[in-house]
file target-v7.cif (mmCIF, C-alpha atoms)
data_query
#
loop_
_atom_site.group_PDB
_atom_site.id
_atom_site.type_symbol
_atom_site.label_atom_id
_atom_site.label_comp_id
_atom_site.auth_asym_id
_atom_site.auth_seq_id
_atom_site.Cartn_x
_atom_site.Cartn_y
_atom_site.Cartn_z
ATOM 1 C CA MET A 39 78.057 98.541 76.746
ATOM 2 C CA GLY A 40 78.179 99.471 73.094
ATOM 3 C CA ALA A 41 80.556 98.306 70.406
ATOM 4 C CA PRO A 42 82.730 95.255 71.021
ATOM 5 C CA GLY A 43 85.821 96.359 72.898
ATOM 6 C CA ALA A 44 84.204 99.601 74.110
ATOM 7 C CA VAL A 45 85.172 100.512 77.641
ATOM 8 C CA MET A 46 83.939 102.928 80.261
ATOM 9 C CA SER A 47 86.160 105.714 81.573
ATOM 10 C CA ARG A 48 85.626 108.202 84.356
ATOM 11 C CA ALA A 49 85.811 111.921 83.621
ATOM 12 C CA VAL A 50 88.153 113.008 86.407
ATOM 13 C CA ASP A 51 86.937 116.584 86.523
ATOM 14 C CA ARG A 52 83.251 115.615 86.663
ATOM 15 C CA GLY A 53 83.303 112.218 88.369
ATOM 16 C CA GLU A 54 81.052 110.637 85.761
ATOM 17 C CA TRP A 55 81.446 107.652 83.454
ATOM 18 C CA LEU A 56 82.202 108.178 79.788
ATOM 19 C CA ARG A 57 81.865 105.572 77.063
ATOM 20 C CA ARG A 58 84.991 104.990 74.996
ATOM 21 C CA GLY A 59 84.218 103.953 71.433
ATOM 22 C CA LYS A 60 87.258 101.718 71.240
ATOM 23 C CA PRO A 61 89.938 100.393 73.591
ATOM 24 C CA ARG A 62 93.098 102.358 74.311
ATOM 25 C CA SER A 63 96.083 101.877 72.048
ATOM 26 C CA PHE A 64 98.909 99.876 73.575
ATOM 27 C CA VAL A 65 101.146 102.963 73.656
ATOM 28 C CA GLU A 66 98.584 104.970 75.656
ATOM 29 C CA TRP A 67 97.681 102.012 77.879
ATOM 30 C CA SER A 68 101.307 101.121 78.698
ATOM 31 C CA ALA A 69 102.188 104.726 79.585
ATOM 32 C CA LEU A 70 99.196 104.997 81.917
ATOM 33 C CA TYR A 71 99.962 101.531 83.328
ATOM 34 C CA ARG A 72 103.562 102.431 84.157
ATOM 35 C CA TRP A 73 102.437 105.735 85.705
ATOM 36 C CA GLY A 74 99.772 103.962 87.807
ATOM 37 C CA GLN A 75 97.006 106.032 86.199
ATOM 38 C CA LEU A 76 94.768 103.348 84.675
ATOM 39 C CA PRO A 77 91.268 102.855 86.073
ATOM 40 C CA PRO A 78 90.899 99.518 87.913
ATOM 41 C CA TRP A 79 88.920 97.849 85.122
ATOM 42 C CA GLU A 80 91.696 98.519 82.593
ATOM 43 C CA ARG A 81 94.675 97.313 84.641
ATOM 44 C CA GLN A 82 94.322 93.621 83.852
ATOM 45 C CA VAL A 83 94.185 93.407 80.054
ATOM 46 C CA PRO A 84 95.844 90.017 79.403
ATOM 47 C CA GLY A 85 97.028 90.777 75.867
ATOM 48 C CA TYR A 86 98.671 94.042 76.848
ATOM 49 C CA LEU A 87 100.241 92.518 79.971
ATOM 50 C CA LEU A 88 101.694 89.732 77.831
ATOM 51 C CA ARG A 89 103.128 92.299 75.443
ATOM 52 C CA LEU A 90 104.714 94.180 78.364
ATOM 53 C CA ALA A 91 106.334 90.946 79.546
ATOM 54 C CA ARG A 92 107.699 90.250 76.059
ATOM 55 C CA GLU A 93 109.022 93.770 75.597
ATOM 56 C CA ASP A 94 110.556 93.806 79.100
ATOM 57 C CA ALA A 95 112.354 90.559 78.170
ATOM 58 C CA GLY A 96 113.725 92.241 75.036
ATOM 59 C CA LEU A 97 112.132 89.701 72.692
ATOM 60 C CA SER A 98 110.598 90.309 69.286
ATOM 61 C CA GLN A 99 107.314 88.641 68.420
ATOM 62 C CA ALA A 100 109.182 86.275 66.096
ATOM 63 C CA ALA A 101 111.736 85.345 68.775
ATOM 64 C CA LEU A 102 109.038 84.636 71.359
ATOM 65 C CA GLY A 103 107.056 82.669 68.778
ATOM 66 C CA ALA A 104 110.122 80.511 68.113
ATOM 67 C CA ARG A 105 110.505 79.844 71.849
ATOM 68 C CA LEU A 106 106.842 78.889 72.154
ATOM 69 C CA GLY A 107 106.634 76.969 68.886
ATOM 70 C CA VAL A 108 103.987 79.274 67.415
ATOM 71 C CA SER A 109 103.982 81.808 64.593
ATOM 72 C CA GLN A 110 104.703 85.514 64.934
ATOM 73 C CA GLN A 111 101.083 86.079 63.918
ATOM 74 C CA ALA A 112 99.877 84.002 66.882
ATOM 75 C CA ILE A 113 101.966 86.184 69.204
ATOM 76 C CA ALA A 114 100.531 89.360 67.629
ATOM 77 C CA GLN A 115 96.995 88.040 68.068
ATOM 78 C CA ALA A 116 97.594 87.166 71.733
ATOM 79 C CA GLU A 117 98.841 90.712 72.395
ATOM 80 C CA ARG A 118 95.587 92.395 71.339
ATOM 81 C CA TRP A 119 93.257 94.155 73.777
ATOM 82 C CA SER A 120 90.503 91.669 72.998
ATOM 83 C CA SER A 121 92.603 88.510 73.280
ATOM 84 C CA ASN A 122 91.502 85.745 75.604
ATOM 85 C CA PRO A 123 94.563 83.531 76.166
ATOM 86 C CA THR A 124 94.348 80.420 78.298
ATOM 87 C CA VAL A 125 96.160 80.273 81.620
ATOM 88 C CA ALA A 126 98.354 77.478 80.238
ATOM 89 C CA PHE A 127 99.401 79.668 77.295
ATOM 90 C CA MET A 128 100.098 82.620 79.600
ATOM 91 C CA MET A 129 102.240 80.355 81.815
ATOM 92 C CA ARG A 130 104.318 79.255 78.818
ATOM 93 C CA TRP A 131 104.597 82.887 77.692
ATOM 94 C CA VAL A 132 105.848 84.303 80.990
ATOM 95 C CA THR A 133 108.230 81.375 81.457
ATOM 96 C CA ALA A 134 109.736 82.120 78.034
ATOM 97 C CA CYS A 135 110.038 85.777 79.109
ATOM 98 C CA ASP A 136 111.660 84.853 82.448
ATOM 99 C CA ALA A 137 108.743 86.387 84.313
ATOM 100 C CA LYS A 138 105.978 85.038 86.526
ATOM 101 C CA LEU A 139 102.200 84.933 86.371
ATOM 102 C CA GLU A 140 100.054 85.610 89.411
ATOM 103 C CA LEU A 141 96.376 84.762 89.171
ATOM 104 C CA ARG A 142 94.050 85.843 91.949
ATOM 105 C CA ILE A 143 90.370 86.258 92.629
ATOM 106 C CA VAL A 144 89.435 89.325 94.645
ATOM 107 C CA ARG A 145 86.146 90.060 96.373
ATOM 108 C CA GLY A 146 85.329 93.573 97.379
ATOM 109 C CA GLU A 147 82.778 96.353 97.432
ATOM 110 C CA ASP A 148 83.259 97.135 93.760
ATOM 111 C CA GLY A 149 82.632 93.559 92.670
ATOM 112 C CA PRO A 150 84.875 91.628 90.321
ATOM 113 C CA SER A 151 86.719 94.597 88.815
ATOM 114 C CA ASP A 152 90.029 92.822 89.434
ATOM 115 C CA VAL A 153 89.182 89.201 88.721
ATOM 116 C CA THR A 154 92.556 88.244 87.315
ATOM 117 C CA GLY A 155 95.636 89.873 88.705
ATOM 118 C CA CYS A 156 98.469 89.170 86.316
ATOM 119 C CA ARG A 157 101.843 90.597 87.187
ATOM 120 C CA THR A 158 105.168 90.051 85.589
ATOM 121 C CA GLY A 159 108.505 90.329 87.270
ATOM 122 C CA GLY A 160 108.793 93.113 89.786
ATOM 123 C CA ARG A 161 105.533 94.942 89.079
#
call {"tool": "encode", "arguments": {"input": "target-v7.cif", "output": "structure tokens"}}
result
Amino acid sequence: MGAPGAVMSRAVDRGEWLRRGKPRSFVEWSALYRWGQLPPWERQVPGYLLRLAREDAGLSQAALGARLGVSQQAIAQAERWSSNPTVAFMMRWVTACDAKLELRIVRGEDGPSDVTGCRTGGR
């Protein structure tokens, strides 16, 4: 698919797939997420979902790190687009943020585009 972290996007006006050279920034991703405008394959980015949970809880990276017994740098690393946190770590994270983690496996016509469905709170 190209460079590590590259993603495909659909050109709305032409209905074709476009290659993105790099992942979306968190600011762009979170705005599109909250507006319900992300393509299905970009809705379940664990690092960005964890960051949303932390920000919704009003915690800084340092404060969450203290609750989890890890460094602020470990929190920053987990919040990256390319992070691959374990389910156990995500459970500790959302518990510290007073949220919940939902993990599901979905079968459908489009294949495994929504393999992990992680939601926090009332999303």
call {"tool": "resolve_selection", "arguments": {"input": "target-v7.cif", "expression": "the PyMOL selection byres ((chain A and resi 103) around 12)", "output": "list in words"}}
result
Arg92, Leu97, Ser98, Gln99, Ala100, Ala101, Leu102, Ala104, Arg105, Leu106, Gly107, Val108, Ser109, Gln110, Gln111, Ala112, Ile113, Ala114, Gln115, Ala116, Phe127, Arg130, Trp131, Ala134 and Cys135 of chain A
call {"tool": "residues_around", "arguments": {"input": "target-v7.cif", "residues": "A:Gly85", "least_positions_apart": "5", "cutoff": "8 Å", "atoms": "all atoms listed in the file", "output": "list of chain:residue names"}}
result
A:Ala116, A:Glu117, A:Arg118, A:Trp119, A:Ser120, A:Ser121, A:Asn122, A:Pro123
call {"tool": "atom_distance", "arguments": {"input": "target-v7.cif", "atom1": "atom CA of A:Met129", "atom2": "atom CA of A:Asp94"}}
result
16.0 Å
call {"tool": "atom_distance", "arguments": {"input": "target-v7.cif", "atom1": "atom CA of A:Val132", "atom2": "atom CA of A:Ala69"}}
result
20.8 Å
call {"tool": "atom_distance", "arguments": {"input": "target-v7.cif", "atom1": "atom CA of A:Ser63", "atom2": "atom CA of A:Pro84"}}
result
14.0 Å
call {"tool": "closest_residue", "arguments": {"input": "target-v7.cif", "among": "A:Ser68, A:Gly146, A:Leu141, A:Arg62", "to": "A:Ala91", "atoms": "only C-alpha atoms"}}
result
A:Ser68
call {"tool": "decode", "arguments": {"input": "target-v7.cif", "residues": "stretch 92-122 of chain A", "atoms": "C-alpha atoms", "output": "compact mmCIF listing (two decimals), in the first residue's frame"}}
result
# COMPACT_ATOMS: atom_id res chain seq x y z
CA ARG A 92 -8.15 10.76 27.67
CA GLU A 93 -9.13 14.20 26.42
CA ASP A 94 -12.83 13.56 27.12
CA ALA A 95 -11.83 12.64 30.69
CA GLY A 96 -9.96 15.95 31.00
CA LEU A 97 -6.63 14.27 31.75
CA SER A 98 -3.18 15.33 30.62
CA GLN A 99 -0.77 12.70 29.35
CA ALA A 100 1.23 13.04 32.57
CA ALA A 101 -1.87 12.64 34.77
CA LEU A 102 -3.01 9.52 32.90
CA GLY A 103 0.53 8.14 33.01
CA ALA A 104 0.55 8.58 36.79
CA ARG A 105 -2.76 6.71 37.07
CA LEU A 106 -1.44 3.87 34.91
CA GLY A 107 2.05 3.79 36.40
CA VAL A 108 3.75 4.61 33.10
CA SER A 109 5.62 7.63 31.78
CA GLN A 110 4.11 10.53 29.86
CA GLN A 111 6.20 9.37 26.90
CA ALA A 112 4.52 5.94 27.00
CA ILE A 113 1.12 7.65 26.86
CA ALA A 114 2.24 9.80 23.90
CA GLN A 115 3.49 6.72 22.07
CA ALA A 116 0.22 4.84 22.64
CA GLU A 117 -1.74 7.78 21.18
CA ARG A 118 -0.03 7.63 17.78
CA TRP A 119 -1.81 6.55 14.59
CA SER A 120 0.54 3.59 14.25
CA SER A 121 0.32 2.38 17.85
CA ASN A 122 -0.64 -1.21 18.55
